[in-house]
>>> print(open('query.txt').read())   # compact mmCIF, C-alpha atoms and all ligand atoms
# COMPACT_ATOMS: atom_id res chain seq x y z
CA MET A 279 0.00 0.00 0.00
CA SER A 280 1.26 3.48 -0.76
CA ASP A 281 -0.07 6.73 0.72
CA GLN A 282 1.05 10.20 -0.26
CA LEU A 283 1.06 12.34 2.88
CA ASP A 284 2.21 15.84 3.66
CA LEU A 285 3.39 14.82 7.11
CA LEU A 286 3.99 11.43 8.66
CA ILE A 287 4.31 11.49 12.45
CA ILE A 288 6.05 8.65 14.28
CA GLY A 289 4.61 8.03 17.75
CA ALA A 290 1.28 8.82 19.44
CA GLY A 291 2.59 10.18 22.73
CA PRO A 292 1.78 13.74 23.83
CA ALA A 293 4.16 15.12 21.16
CA GLY A 294 2.70 13.08 18.31
CA LEU A 295 -0.89 13.85 19.35
CA SER A 296 -0.16 17.56 19.56
CA ALA A 297 1.49 17.41 16.15
CA ALA A 298 -1.51 15.56 14.67
CA ASP A 299 -3.88 18.16 16.07
CA ALA A 300 -1.77 20.99 14.65
CA ALA A 301 -1.48 19.23 11.28
CA ALA A 302 -5.27 18.82 11.12
CA GLN A 303 -5.72 22.49 11.90
CA GLU A 304 -3.30 23.37 9.10
CA GLY A 305 -5.24 21.22 6.65
CA LEU A 306 -2.27 18.91 6.03
CA THR A 307 -2.70 15.31 5.01
CA TYR A 308 -1.06 13.50 7.90
CA LEU A 309 -0.95 10.17 9.67
CA VAL A 310 0.41 9.16 13.07
CA ILE A 311 1.96 5.71 13.15
CA GLU A 312 2.18 4.21 16.64
CA LYS A 313 3.74 0.86 17.39
CA GLY A 314 1.88 0.41 20.67
CA THR A 315 -1.28 2.14 21.80
CA ILE A 316 -2.29 5.78 22.16
CA ALA A 317 0.02 7.39 24.77
CA ASN A 318 1.88 4.12 25.15
CA THR A 319 4.55 5.53 27.46
CA ILE A 320 1.96 6.84 29.88
CA ARG A 321 0.21 3.47 29.73
CA GLN A 322 3.48 1.97 30.97
CA TYR A 323 3.67 4.21 34.05
CA PRO A 324 2.97 2.36 37.29
CA VAL A 325 -0.72 1.63 37.86
CA GLY A 326 -2.37 4.46 39.83
CA ARG A 327 0.68 6.73 39.66
CA THR A 328 0.11 10.45 40.16
CA LEU A 329 1.85 12.71 37.65
CA PHE A 330 4.41 15.27 38.81
CA SER A 331 2.89 17.85 36.53
CA THR A 332 -0.24 19.96 36.93
CA PRO A 333 -3.16 19.74 34.46
CA ASN A 334 -2.14 22.91 32.59
CA GLU A 335 1.19 21.22 31.74
CA LEU A 336 -0.44 18.05 30.43
CA GLU A 337 -3.76 18.90 28.81
CA MET A 338 -4.34 19.12 25.06
CA ARG A 339 -6.73 22.08 25.38
CA GLU A 340 -6.72 24.72 28.08
CA GLY A 341 -9.05 23.75 30.94
CA SER A 342 -9.93 20.34 29.49
CA LEU A 343 -8.26 18.00 32.02
CA HIS A 344 -10.15 17.67 35.31
CA PRO A 345 -8.47 15.27 37.73
CA VAL A 346 -10.11 14.39 41.03
CA ARG A 347 -7.09 15.77 42.92
CA ASP A 348 -4.75 18.60 41.94
CA LYS A 349 -2.62 16.36 39.71
CA PRO A 350 -3.92 13.59 37.46
CA THR A 351 -3.25 9.91 37.83
CA ARG A 352 -1.90 7.76 35.00
CA GLU A 353 -5.46 6.57 34.31
CA GLU A 354 -6.95 10.08 34.17
CA LEU A 355 -4.21 11.30 31.82
CA LEU A 356 -4.44 8.26 29.58
CA SER A 357 -8.18 8.71 29.26
CA HIS A 358 -7.69 12.41 28.51
CA TYR A 359 -5.37 11.65 25.58
CA ILE A 360 -7.55 8.83 24.24
CA HIS A 361 -10.65 11.02 24.31
CA PHE A 362 -8.75 13.82 22.63
CA VAL A 363 -8.01 11.46 19.72
CA LEU A 364 -11.62 10.27 19.56
CA ASP A 365 -13.22 13.70 19.95
CA HIS A 366 -11.03 15.24 17.25
CA ASP A 367 -11.01 12.17 15.05
CA LEU A 368 -7.23 12.26 14.68
CA ARG A 369 -5.71 9.98 12.07
CA ILE A 370 -3.71 7.40 14.02
CA THR A 371 -2.84 3.82 13.31
CA THR A 372 -1.76 1.76 16.31
CA GLY A 373 0.07 -1.54 16.54
CA GLU A 374 2.18 -0.52 13.54
CA GLU A 375 5.92 0.13 13.87
CA VAL A 376 8.07 2.33 11.65
CA THR A 377 11.07 0.16 10.84
CA ASP A 378 12.90 2.13 8.17
CA ILE A 379 12.89 5.44 6.32
CA ALA A 380 14.64 6.33 3.10
CA ARG A 381 14.68 9.37 0.89
CA ASN A 382 12.37 9.13 -2.09
CA ASP A 383 14.21 10.07 -5.28
CA ALA A 384 11.34 12.24 -6.49
CA ASP A 385 10.28 14.05 -3.32
CA GLY A 386 10.18 13.39 0.41
CA PHE A 387 10.57 10.01 2.04
CA ILE A 388 9.45 6.40 1.89
CA VAL A 389 8.47 5.14 5.33
CA HIS A 390 8.48 1.41 5.85
CA THR A 391 6.30 -0.13 8.57
CA ARG A 392 5.38 -3.48 10.06
CA CYS A 393 1.97 -4.13 11.60
CA ARG A 394 2.45 -5.89 14.89
CA SER A 395 -1.17 -6.86 15.23
CA PHE A 396 -1.93 -7.91 11.67
CA GLN A 397 0.19 -10.91 10.71
CA GLU A 398 3.35 -8.77 10.55
CA GLN A 399 2.05 -7.16 7.36
CA GLU A 400 4.53 -4.66 5.89
CA LYS A 401 3.57 -1.32 4.34
CA ASN A 402 5.22 1.66 2.65
CA TYR A 403 4.03 5.25 2.97
CA HIS A 404 5.22 8.23 1.01
CA ALA A 405 5.51 11.46 2.96
CA ARG A 406 6.83 14.89 2.08
CA ALA A 407 8.01 15.47 5.65
CA VAL A 408 8.50 13.20 8.64
CA LEU A 409 8.19 14.20 12.30
CA PHE A 410 9.91 11.89 14.75
CA ALA A 411 7.92 11.94 18.02
CA PHE A 412 8.98 8.50 19.15
CA GLY A 413 10.08 9.23 22.69
CA ALA A 414 13.07 7.96 24.62
CA MET A 415 11.81 4.71 26.07
CA GLU A 416 12.99 2.29 23.38
CA HIS A 417 16.02 0.87 25.16
CA PRO A 418 15.84 0.48 28.94
CA ARG A 419 19.40 0.78 30.25
CA LEU A 420 20.98 -2.48 31.34
CA LEU A 421 23.47 -3.35 34.03
CA ASN A 422 25.05 -5.78 31.55
CA ILE A 423 25.88 -8.34 34.21
CA PRO A 424 25.41 -12.10 34.42
CA GLY A 425 21.84 -13.10 35.29
CA GLU A 426 20.18 -9.92 34.03
CA ASP A 427 18.17 -12.03 31.59
CA LEU A 428 16.58 -14.13 34.36
CA PRO A 429 12.75 -13.99 34.34
CA LYS A 430 12.67 -12.36 37.80
CA VAL A 431 14.52 -9.29 36.45
CA HIS A 432 12.40 -6.43 35.07
CA HIS A 433 13.46 -3.17 33.47
CA ARG A 434 10.02 -1.53 33.85
CA PHE A 435 7.84 -1.34 36.92
CA VAL A 436 4.08 -1.52 36.44
CA GLU A 437 2.50 -2.69 39.72
CA PRO A 438 3.45 -3.85 43.22
CA TYR A 439 0.57 -6.29 43.76
CA PRO A 440 2.25 -9.59 42.75
CA TYR A 441 5.05 -9.00 45.26
CA VAL A 442 3.27 -8.82 48.63
CA ARG A 443 5.55 -10.45 51.26
CA LYS A 444 8.19 -11.12 48.59
CA GLU A 445 11.77 -9.90 48.75
CA ALA A 446 12.14 -7.15 46.13
CA LEU A 447 15.30 -5.33 45.08
CA VAL A 448 15.12 -2.05 43.18
CA VAL A 449 18.33 -0.84 41.53
CA GLY A 450 18.54 2.83 40.59
CA GLY A 451 18.53 6.33 42.01
CA GLY A 452 16.08 8.38 39.94
CA ASN A 453 12.40 9.08 40.40
CA SER A 454 11.26 5.90 38.67
CA ALA A 455 13.34 3.68 40.96
CA ALA A 456 12.35 5.63 44.05
CA GLU A 457 8.66 5.51 43.15
CA ALA A 458 8.83 1.77 42.47
CA ALA A 459 10.55 1.13 45.80
CA LEU A 460 7.92 3.20 47.56
CA PHE A 461 4.98 1.48 45.83
CA LEU A 462 6.46 -1.94 46.61
CA SER A 463 7.21 -1.14 50.22
CA GLU A 464 3.80 0.43 50.84
CA GLU A 465 2.06 -2.65 49.41
CA GLY A 466 3.87 -5.14 51.60
CA ALA A 467 6.88 -6.22 49.55
CA ARG A 468 10.03 -6.50 51.67
CA THR A 469 11.91 -3.95 49.66
CA THR A 470 15.57 -3.04 49.33
CA MET A 471 16.75 -0.15 47.23
CA ALA A 472 20.31 -0.27 45.86
CA ILE A 473 21.51 3.19 45.00
CA TRP A 474 24.75 5.09 44.38
CA ARG A 475 25.66 7.59 47.09
CA ASP A 476 25.83 10.43 44.52
CA ASP A 477 22.22 9.73 43.50
CA TRP A 478 21.06 9.39 47.10
CA GLU A 479 22.64 12.69 48.12
CA ASN A 480 21.77 14.59 44.94
CA ARG A 481 19.30 17.39 45.74
CA ASP A 482 19.48 19.17 42.36
CA PRO A 483 16.32 18.54 40.27
CA SER A 484 18.01 19.76 37.08
CA ALA A 485 20.62 17.01 37.59
CA GLY A 486 17.92 14.34 37.87
CA ALA A 487 17.54 14.37 41.68
CA MET A 488 14.59 12.53 43.13
CA LYS A 489 11.58 14.87 43.58
CA HIS A 490 11.05 15.89 47.21
CA TRP A 491 7.51 14.48 47.23
CA VAL A 492 8.99 11.09 46.39
CA ARG A 493 11.92 11.40 48.77
CA SER A 494 9.86 12.39 51.83
CA PRO A 495 7.58 9.32 51.91
CA LEU A 496 10.55 7.16 50.95
CA GLU A 497 12.47 8.44 53.95
CA ARG A 498 9.43 7.74 56.13
CA GLU A 499 9.36 4.13 54.94
CA ILE A 500 13.07 3.84 55.73
CA ALA A 501 12.66 5.41 59.19
CA GLN A 502 9.86 2.96 59.97
CA GLY A 503 12.07 0.04 59.00
CA ARG A 504 9.96 -1.10 56.05
CA LEU A 505 12.47 -0.14 53.36
CA ARG A 506 16.18 -0.79 53.35
CA VAL A 507 18.71 1.26 51.37
CA ILE A 508 22.09 -0.10 50.34
CA LEU A 509 24.67 2.29 48.94
CA TYR A 510 26.53 0.27 46.34
CA LYS A 511 29.45 0.55 43.99
CA ASP A 512 28.69 -2.35 41.63
CA ILE A 513 25.97 -4.90 41.08
CA ASP A 514 28.05 -7.95 40.25
CA GLU A 515 25.71 -10.82 39.46
CA ILE A 516 22.06 -11.81 39.63
CA ALA A 517 21.28 -15.38 40.69
CA PRO A 518 17.82 -17.03 40.74
CA ASP A 519 17.33 -16.30 44.46
CA SER A 520 19.75 -13.44 45.21
CA VAL A 521 21.91 -10.61 43.92
CA ARG A 522 25.59 -10.24 44.66
CA LEU A 523 26.80 -6.65 44.89
CA THR A 524 29.78 -4.65 46.08
CA THR A 525 28.88 -2.03 48.66
CA GLU A 526 30.20 1.49 48.61
CA ALA A 527 32.69 0.41 51.30
CA GLY A 528 34.01 -2.25 48.89
CA GLU A 529 32.52 -5.27 50.66
CA SER A 530 30.88 -8.12 48.76
CA MET A 531 27.28 -8.67 49.85
CA THR A 532 24.59 -11.16 48.84
CA VAL A 533 20.99 -9.91 48.99
CA ALA A 534 18.23 -12.52 48.83
CA ASN A 535 15.29 -11.66 46.55
CA HIS A 536 12.41 -13.00 44.50
CA VAL A 537 12.23 -10.08 42.08
CA VAL A 538 14.62 -7.41 40.82
CA PHE A 539 13.73 -4.11 39.15
CA VAL A 540 16.59 -2.44 37.29
CA LEU A 541 15.34 1.12 36.79
CA ILE A 542 18.32 3.14 35.65
CA GLY A 543 16.78 5.03 32.72
CA SER A 544 16.20 4.39 29.06
CA ASP A 545 17.40 5.72 25.74
CA ALA A 546 15.87 6.52 22.39
CA ASP A 547 16.84 4.47 19.38
CA LEU A 548 18.43 7.00 17.04
CA THR A 549 19.39 4.40 14.40
CA MET A 550 16.81 5.49 11.79
CA LEU A 551 17.72 9.15 12.20
CA LYS A 552 21.43 8.44 11.90
CA LYS A 553 20.84 6.31 8.82
CA LEU A 554 19.06 9.25 7.22
CA GLY A 555 22.17 11.35 7.89
CA VAL A 556 20.95 13.26 10.97
CA ARG A 557 23.87 14.25 13.21
CA THR A 558 23.69 13.72 16.97
CA ALA A 559 25.43 15.45 19.88
CA PRO A 560 25.63 15.09 23.66
CA GLY A 561 22.48 16.61 25.22
CA LYS A 562 21.62 17.54 28.82
CA LEU A 563 21.34 13.92 29.91
CA THR A 564 21.92 11.81 26.82
CA GLU A 565 22.73 11.85 23.08
CA VAL A 566 20.26 13.97 21.09
CA PRO A 567 19.78 14.72 17.39
CA VAL A 568 21.11 18.03 16.14
CA TYR A 569 18.22 20.32 15.13
CA ASN A 570 17.38 23.95 14.56
CA PRO A 571 16.01 25.21 17.91
CA ASP A 572 13.42 27.40 16.15
CA THR A 573 12.01 24.88 13.68
CA PHE A 574 13.13 21.54 15.20
CA GLU A 575 14.16 20.54 11.67
CA THR A 576 17.29 18.41 11.63
CA ASP A 577 20.13 18.99 9.23
CA VAL A 578 18.32 16.61 6.86
CA PRO A 579 15.65 18.86 5.27
CA GLY A 580 12.15 17.51 5.84
CA ILE A 581 13.07 15.50 8.95
CA TYR A 582 11.82 17.03 12.22
CA VAL A 583 12.18 15.89 15.86
CA VAL A 584 10.04 16.67 18.91
CA GLY A 585 9.47 15.43 22.44
CA HIS A 586 11.27 13.31 24.96
CA PHE A 587 14.43 12.51 22.97
CA THR A 588 15.17 16.19 22.23
CA ASN A 589 16.26 18.79 24.77
CA ALA A 590 12.57 19.68 25.36
CA ARG A 591 11.89 16.54 27.39
CA HIS A 592 8.81 17.00 29.54
CA ILE A 593 5.18 16.64 28.52
CA LYS A 594 4.51 20.37 28.46
CA ALA A 595 7.28 20.94 25.91
CA ALA A 596 6.25 17.81 24.00
CA ILE A 597 2.83 19.42 23.53
CA ASP A 598 3.95 23.02 23.02
CA VAL A 599 6.71 22.52 20.45
CA PRO A 600 4.54 20.87 17.74
CA ARG A 601 2.03 23.74 18.05
CA LYS A 602 4.84 26.09 17.14
CA ILE A 603 6.59 24.10 14.43
CA VAL A 604 3.78 22.34 12.52
CA PRO A 605 2.51 25.69 11.12
CA LEU A 606 6.10 26.33 9.96
CA ILE A 607 6.22 22.91 8.30
CA ALA A 608 2.87 23.64 6.61
CA GLU A 609 4.13 26.99 5.36
CA LYS A 610 7.25 25.36 3.95
CA LEU A 611 5.25 22.62 2.22
CA ARG A 612 2.90 25.20 0.70
CA SER A 613 5.69 27.40 -0.63
CA PRO A 614 6.56 26.62 -4.24
C1 LIG B 701 7.57 6.64 34.97
C2 LIG B 701 7.60 7.97 34.28
C3 LIG B 701 6.98 9.07 34.84
C4 LIG B 701 6.97 10.32 34.20
N1 LIG B 701 6.31 11.36 34.77
C5 LIG B 701 6.25 12.55 34.15
C6 LIG B 701 5.53 13.65 34.71
O1 LIG B 701 4.96 13.55 35.80
N2 LIG B 701 5.50 14.81 34.00
C7 LIG B 701 6.12 14.97 32.80
O2 LIG B 701 6.06 16.04 32.19
N3 LIG B 701 6.82 13.94 32.26
C8 LIG B 701 6.88 12.75 32.90
N4 LIG B 701 7.57 11.71 32.33
C9 LIG B 701 8.17 11.90 31.01
C10 LIG B 701 7.06 11.84 29.95
O3 LIG B 701 6.49 10.55 29.95
C11 LIG B 701 7.62 12.21 28.60
O4 LIG B 701 8.13 13.52 28.65
C12 LIG B 701 6.53 12.14 27.54
O5 LIG B 701 5.97 10.86 27.43
C13 LIG B 701 7.14 12.58 26.25
O6 LIG B 701 6.18 12.49 25.23
P1 LIG B 701 6.62 12.06 23.76
O7 LIG B 701 5.39 12.16 22.94
O8 LIG B 701 7.83 12.82 23.36
O9 LIG B 701 7.13 10.55 23.90
P2 LIG B 701 6.33 9.26 24.36
O10 LIG B 701 5.22 9.60 25.25
O11 LIG B 701 7.37 8.30 24.82
O12 LIG B 701 5.68 8.74 23.00
C14 LIG B 701 6.44 8.14 21.99
C15 LIG B 701 5.58 7.13 21.28
O13 LIG B 701 6.27 6.68 20.11
C16 LIG B 701 6.03 5.30 19.96
N5 LIG B 701 7.10 4.74 19.12
C17 LIG B 701 8.42 4.59 19.45
N6 LIG B 701 9.10 4.09 18.41
C18 LIG B 701 8.21 3.90 17.41
C19 LIG B 701 8.32 3.38 16.09
N7 LIG B 701 9.51 2.96 15.57
N8 LIG B 701 7.20 3.30 15.31
C20 LIG B 701 6.00 3.72 15.82
N9 LIG B 701 5.84 4.21 17.08
C21 LIG B 701 6.94 4.30 17.85
C22 LIG B 701 6.00 4.77 21.38
O14 LIG B 701 5.31 3.54 21.47
C23 LIG B 701 5.30 5.91 22.14
O15 LIG B 701 3.90 5.72 22.22
C24 LIG B 701 7.61 10.47 32.96
C25 LIG B 701 8.25 9.37 32.37
C26 LIG B 701 8.25 8.14 33.02
C27 LIG B 701 8.93 6.98 32.37
>>> encode(input="query.txt", output="structure tokens")
Amino acid sequence: MSDQLDLLIIGAGPAGLSAADAAAQEGLTYLVIEKGTIANTIRQYPVGRTLFSTPNELEMREGSLHPVRDKPTREELLSHYIHFVLDHDLRITTGEEVTDIARNDADGFIVHTRCRSFQEQEKNYHARAVLFAFGAMEHPRLLNIPGEDLPKVHHRFVEPYPYVRKEALVVGGGNSAAEAALFLSEEGARTTMAIWRDDWENRDPSAGAMKHWVRSPLEREIAQGRLRVILYKDIDEIAPDSVRLTTEAGESMTVANHVVFVLIGSDADLTMLKKLGVRTAPGKLTEVPVYNPDTFETDVPGIYVVGHFTNARHIKAAIDVPRKIVPLIAEKLRSP
């Protein structure tokens, strides 16, 4: 199948949805291709999690998100984005993954996809411009140690409920690890958090420090003896019933556990962008594509980037940037 589009958008997270909305308002022919479901990253947040951000930083239209408390839960936000798609009849295909992009000799790009849900069917789309809004969750970071592939080891945390009265180890020092440790501990898992001292003592939010509203309850759990923290230097090996680590003091220690969560961040997959010739550079926290900060166009004309894998990482920016740049893309496509 071949479709001629003005704009093909990869990913139906907040950035891709905002871009679709802006493209519709500009009268562009567009399609969002999403390998998972609408707002897939938010769907993978822990069940019942409350967002850090306030409704005005997350909503698709001013005053349209009405959580029960001051900040929405994962479920409220997910429903907000799904209803935005339905109410505005945005053109999105889900369960379809963009696997390759090449320049079309005549004009624009050929985008190759594979449908995950439909017998792995492959498709090609033709698009004059492509907007990458595919987030930064593709590759969870690994410890790269023996035993990390055991079934008890997880690189995402979704819910605490299977682990009541189990021994759980959470490795990592950011908000995701801290939140997982807190959820687990509060719901009766005997939880240990393994963290580097620098992360534990970091109080600078711009350097990725744990938010204070995560730290405070975490410290309460520790004070009440329900959560244990180990400052470590290295995690050495994961065995079926334990983890061997080296403490900050250099001692070898074996920690018994039934389940291990390795929550040390994730990275975007920049392979397709690099193959197209897009340059990358070190960003605030990780490698990012090089792009014009006004237009978010990369140095490959017609290829744009927005959202979590750029320097504008949070949901507010993921929504705001497409509103600014899609009209510029439309203007460029309309100019002779
Ligand atoms: C646990 C957790 C909590 C967070 N809490 C907050 C918070 O409170 N406030 C806040 O502002 N931010 C928060 N963030 C960050 C926030 O989730 C991101 O800033 C936001 O999701 C970025 O939106 P996005 O559209 O750029 O990317 P994403 O939401 O990641 O969307 C990208 C989409 O692209 C899809 N995709 C990827 N590759 C392909 C492909 N090849 N083909 C087709 N589709 C593809 C993915 O499935 C995904 O649906 C949190 C992140 C995590 C992990």
>>> residues_around(input="query.txt", residues="stretch 324-339 of chain A", least_positions_apart="2", cutoff="6 Å", atoms="all atoms listed in the file", output="list in words")
Ser342, Leu343, Lys349, Pro350, Thr351, Arg352, Val436, Glu437 and Lys594 of chain A
>>> write_last_selection(input="query.txt", atoms="C-alpha atoms", output="short mmCIF file (atom, residue, chain, number, x, y, z; two decimals), keeping the file's coordinate frame")
data_model
loop_
_atom_site.label_atom_id
_atom_site.label_comp_id
_atom_site.auth_asym_id
_atom_site.auth_seq_id
_atom_site.Cartn_x
_atom_site.Cartn_y
_atom_site.Cartn_z
CA SER A 342 -9.93 20.34 29.49
CA LEU A 343 -8.26 18.00 32.02
CA LYS A 349 -2.62 16.36 39.71
CA PRO A 350 -3.92 13.59 37.46
CA THR A 351 -3.25 9.91 37.83
CA ARG A 352 -1.90 7.76 35.00
CA VAL A 436 4.08 -1.52 36.44
CA GLU A 437 2.50 -2.69 39.72
CA LYS A 594 4.51 20.37 28.46
#
>>> closest_atom_pairs(input="query.txt", of="chain A", to="ligand LIG 701 (chain B)", cutoff="7 Å", atoms="all atoms listed in the file", output="Markdown table")
| residue | atom | partner | partner_atom | distance |
| --- | --- | --- | --- | --- |
| A:Ile288 | CA | B:LIG701 | C20 | 5.2 |
| A:Gly289 | CA | B:LIG701 | O13 | 3.2 |
| A:Ala290 | CA | B:LIG701 | O15 | 4.9 |
| A:Gly291 | CA | B:LIG701 | O12 | 3.4 |
| A:Pro292 | CA | B:LIG701 | O7 | 4.0 |
| A:Ala293 | CA | B:LIG701 | O7 | 3.7 |
| A:Gly294 | CA | B:LIG701 | O7 | 5.4 |
| A:Ile311 | CA | B:LIG701 | C20 | 5.2 |
| A:Glu312 | CA | B:LIG701 | N9 | 3.7 |
| A:Lys313 | CA | B:LIG701 | N9 | 4.0 |
| A:Gly314 | CA | B:LIG701 | O14 | 4.7 |
| A:Thr315 | CA | B:LIG701 | O15 | 6.3 |
| A:Ile316 | CA | B:LIG701 | O15 | 6.2 |
| A:Ala317 | CA | B:LIG701 | O15 | 4.9 |
| A:Asn318 | CA | B:LIG701 | O15 | 3.9 |
| A:Thr319 | CA | B:LIG701 | O10 | 4.7 |
| A:Ile320 | CA | B:LIG701 | O3 | 5.9 |
| A:Tyr323 | CA | B:LIG701 | C1 | 4.7 |
| A:Pro324 | CA | B:LIG701 | C1 | 6.7 |
| A:Leu329 | CA | B:LIG701 | O1 | 3.7 |
| A:Phe330 | CA | B:LIG701 | O1 | 3.5 |
| A:Ser331 | CA | B:LIG701 | N2 | 4.7 |
| A:Glu374 | CA | B:LIG701 | C20 | 6.1 |
| A:Glu375 | CA | B:LIG701 | N8 | 3.7 |
| A:Val376 | CA | B:LIG701 | N8 | 3.9 |
| A:Thr377 | CA | B:LIG701 | N7 | 5.7 |
| A:Ala411 | CA | B:LIG701 | O8 | 5.4 |
| A:Phe412 | CA | B:LIG701 | O13 | 3.4 |
| A:Gly413 | CA | B:LIG701 | O9 | 3.5 |
| A:Ala414 | CA | B:LIG701 | O11 | 5.7 |
| A:Met415 | CA | B:LIG701 | O11 | 5.8 |
| A:Glu416 | CA | B:LIG701 | C17 | 6.5 |
| A:Ser454 | CA | B:LIG701 | C1 | 5.3 |
| A:Val584 | CA | B:LIG701 | O8 | 6.3 |
| A:Gly585 | CA | B:LIG701 | O8 | 3.2 |
| A:His586 | CA | B:LIG701 | O8 | 3.8 |
| A:Phe587 | CA | B:LIG701 | O8 | 6.6 |
| A:Arg591 | CA | B:LIG701 | O4 | 5.0 |
| A:His592 | CA | B:LIG701 | O4 | 3.7 |
| A:Ile593 | CA | B:LIG701 | O2 | 3.8 |
| A:Lys594 | CA | B:LIG701 | O2 | 5.9 |
| A:Ala596 | CA | B:LIG701 | O8 | 5.3 |
>>> closest_residue(input="query.txt", among="A:Arg406, A:Lys562, A:Arg601, A:His344", to="A:Ala302", atoms="all atoms listed in the file")
A:Arg601
>>> closest_residue(input="query.txt", among="A:Thr549, A:Leu523, A:Leu611, A:Leu509", to="A:Leu283", atoms="only C-alpha atoms")
A:Leu611
>>> closest_residue(input="query.txt", among="A:Asn402, A:Ser296, A:Thr576, A:Ser494", to="A:Gly555", atoms="all atoms listed in the file")
A:Thr576
>>> residues_around(input="query.txt", residues="A:Pro571", least_positions_apart="3", cutoff="12 Å", atoms="only C-alpha atoms", output="PDB file with C-alpha atoms, in the coordinates of the input")
ATOM      1  CA  PRO A 567      19.780  14.720  17.390  1.00  0.00           C
ATOM      2  CA  VAL A 568      21.110  18.030  16.140  1.00  0.00           C
ATOM      3  CA  PHE A 574      13.130  21.540  15.200  1.00  0.00           C
ATOM      4  CA  GLU A 575      14.160  20.540  11.670  1.00  0.00           C
ATOM      5  CA  THR A 576      17.290  18.410  11.630  1.00  0.00           C
ATOM      6  CA  ASP A 577      20.130  18.990   9.230  1.00  0.00           C
ATOM      7  CA  TYR A 582      11.820  17.030  12.220  1.00  0.00           C
ATOM      8  CA  VAL A 583      12.180  15.890  15.860  1.00  0.00           C
ATOM      9  CA  VAL A 584      10.040  16.670  18.910  1.00  0.00           C
ATOM     10  CA  THR A 588      15.170  16.190  22.230  1.00  0.00           C
ATOM     11  CA  ASN A 589      16.260  18.790  24.770  1.00  0.00           C
ATOM     12  CA  ALA A 590      12.570  19.680  25.360  1.00  0.00           C
ATOM     13  CA  VAL A 599       6.710  22.520  20.450  1.00  0.00           C
ATOM     14  CA  LYS A 602       4.840  26.090  17.140  1.00  0.00           C
ATOM     15  CA  ILE A 603       6.590  24.100  14.430  1.00  0.00           C
TER      16      ILE A 603
END
>>> closest_atom_pairs(input="query.txt", of="stretch 347-434 of chain A", to="stretch 513-517 of chain A", cutoff="7 Å", atoms="only C-alpha atoms", output="CSV")
residue,atom,partner,partner_atom,distance
A:Ile423,CA,A:Glu515,CA,5.8
A:Pro424,CA,A:Glu515,CA,5.2
A:Gly425,CA,A:Ile516,CA,4.5
A:Glu426,CA,A:Ile516,CA,6.2
>>> atom_distance(input="query.txt", atom1="atom CA of A:Leu286", atom2="atom CA of A:Ser357")
24.1 Å
>>> residues_around(input="query.txt", residues="stretch 473-483 of chain A", least_positions_apart="6", cutoff="10 Å", atoms="all atoms listed in the file", output="number ranges by chain")
A: 448-452, 455-456, 489-490, 493, 507-512, 525-526, 542
>>> atom_distance(input="query.txt", atom1="atom CA of A:Leu368", atom2="atom CA of A:Thr307")
11.1 Å
>>> closest_residue(input="query.txt", among="A:Tyr359, A:Tyr439, A:Tyr569, A:Tyr308", to="A:Leu295", atoms="only C-alpha atoms")
A:Tyr359
>>> build_atoms(input="query.txt", residues="stretch 589-599 of chain A", atoms="N, CA and C atoms", output="PDB file, in the coordinates of the input")
ATOM      1  N   ASN A 589      15.967  18.103  23.506  1.00  0.00           N
ATOM      2  CA  ASN A 589      16.260  18.790  24.770  1.00  0.00           C
ATOM      3  C   ASN A 589      15.003  19.311  25.450  1.00  0.00           C
ATOM      4  N   ALA A 590      13.843  19.253  24.768  1.00  0.00           N
ATOM      5  CA  ALA A 590      12.570  19.680  25.360  1.00  0.00           C
ATOM      6  C   ALA A 590      11.851  18.421  25.815  1.00  0.00           C
ATOM      7  N   ARG A 591      12.187  17.919  27.018  1.00  0.00           N
ATOM      8  CA  ARG A 591      11.890  16.540  27.390  1.00  0.00           C
ATOM      9  C   ARG A 591      10.528  16.308  28.032  1.00  0.00           C
ATOM     10  N   HIS A 592      10.010  17.292  28.763  1.00  0.00           N
ATOM     11  CA  HIS A 592       8.810  17.000  29.540  1.00  0.00           C
ATOM     12  C   HIS A 592       7.534  17.126  28.700  1.00  0.00           C
ATOM     13  N   ILE A 593       6.413  16.711  29.295  1.00  0.00           N
ATOM     14  CA  ILE A 593       5.180  16.640  28.520  1.00  0.00           C
ATOM     15  C   ILE A 593       4.754  18.020  28.035  1.00  0.00           C
ATOM     16  N   LYS A 594       4.937  19.034  28.865  1.00  0.00           N
ATOM     17  CA  LYS A 594       4.510  20.370  28.460  1.00  0.00           C
ATOM     18  C   LYS A 594       5.224  20.777  27.148  1.00  0.00           C
ATOM     19  N   ALA A 595       6.527  20.574  27.123  1.00  0.00           N
ATOM     20  CA  ALA A 595       7.280  20.940  25.910  1.00  0.00           C
ATOM     21  C   ALA A 595       6.895  20.025  24.744  1.00  0.00           C
ATOM     22  N   ALA A 596       6.643  18.751  25.056  1.00  0.00           N
ATOM     23  CA  ALA A 596       6.250  17.810  24.000  1.00  0.00           C
ATOM     24  C   ALA A 596       4.953  18.258  23.330  1.00  0.00           C
ATOM     25  N   ILE A 597       4.097  18.918  24.087  1.00  0.00           N
ATOM     26  CA  ILE A 597       2.830  19.420  23.530  1.00  0.00           C
ATOM     27  C   ILE A 597       3.033  20.790  22.870  1.00  0.00           C
ATOM     28  N   ASP A 598       3.806  21.641  23.517  1.00  0.00           N
ATOM     29  CA  ASP A 598       3.950  23.020  23.020  1.00  0.00           C
ATOM     30  C   ASP A 598       4.747  23.114  21.713  1.00  0.00           C
ATOM     31  N   VAL A 599       5.837  22.363  21.621  1.00  0.00           N
ATOM     32  CA  VAL A 599       6.710  22.520  20.450  1.00  0.00           C
ATOM     33  C   VAL A 599       5.984  22.218  19.134  1.00  0.00           C
TER      34      VAL A 599
END
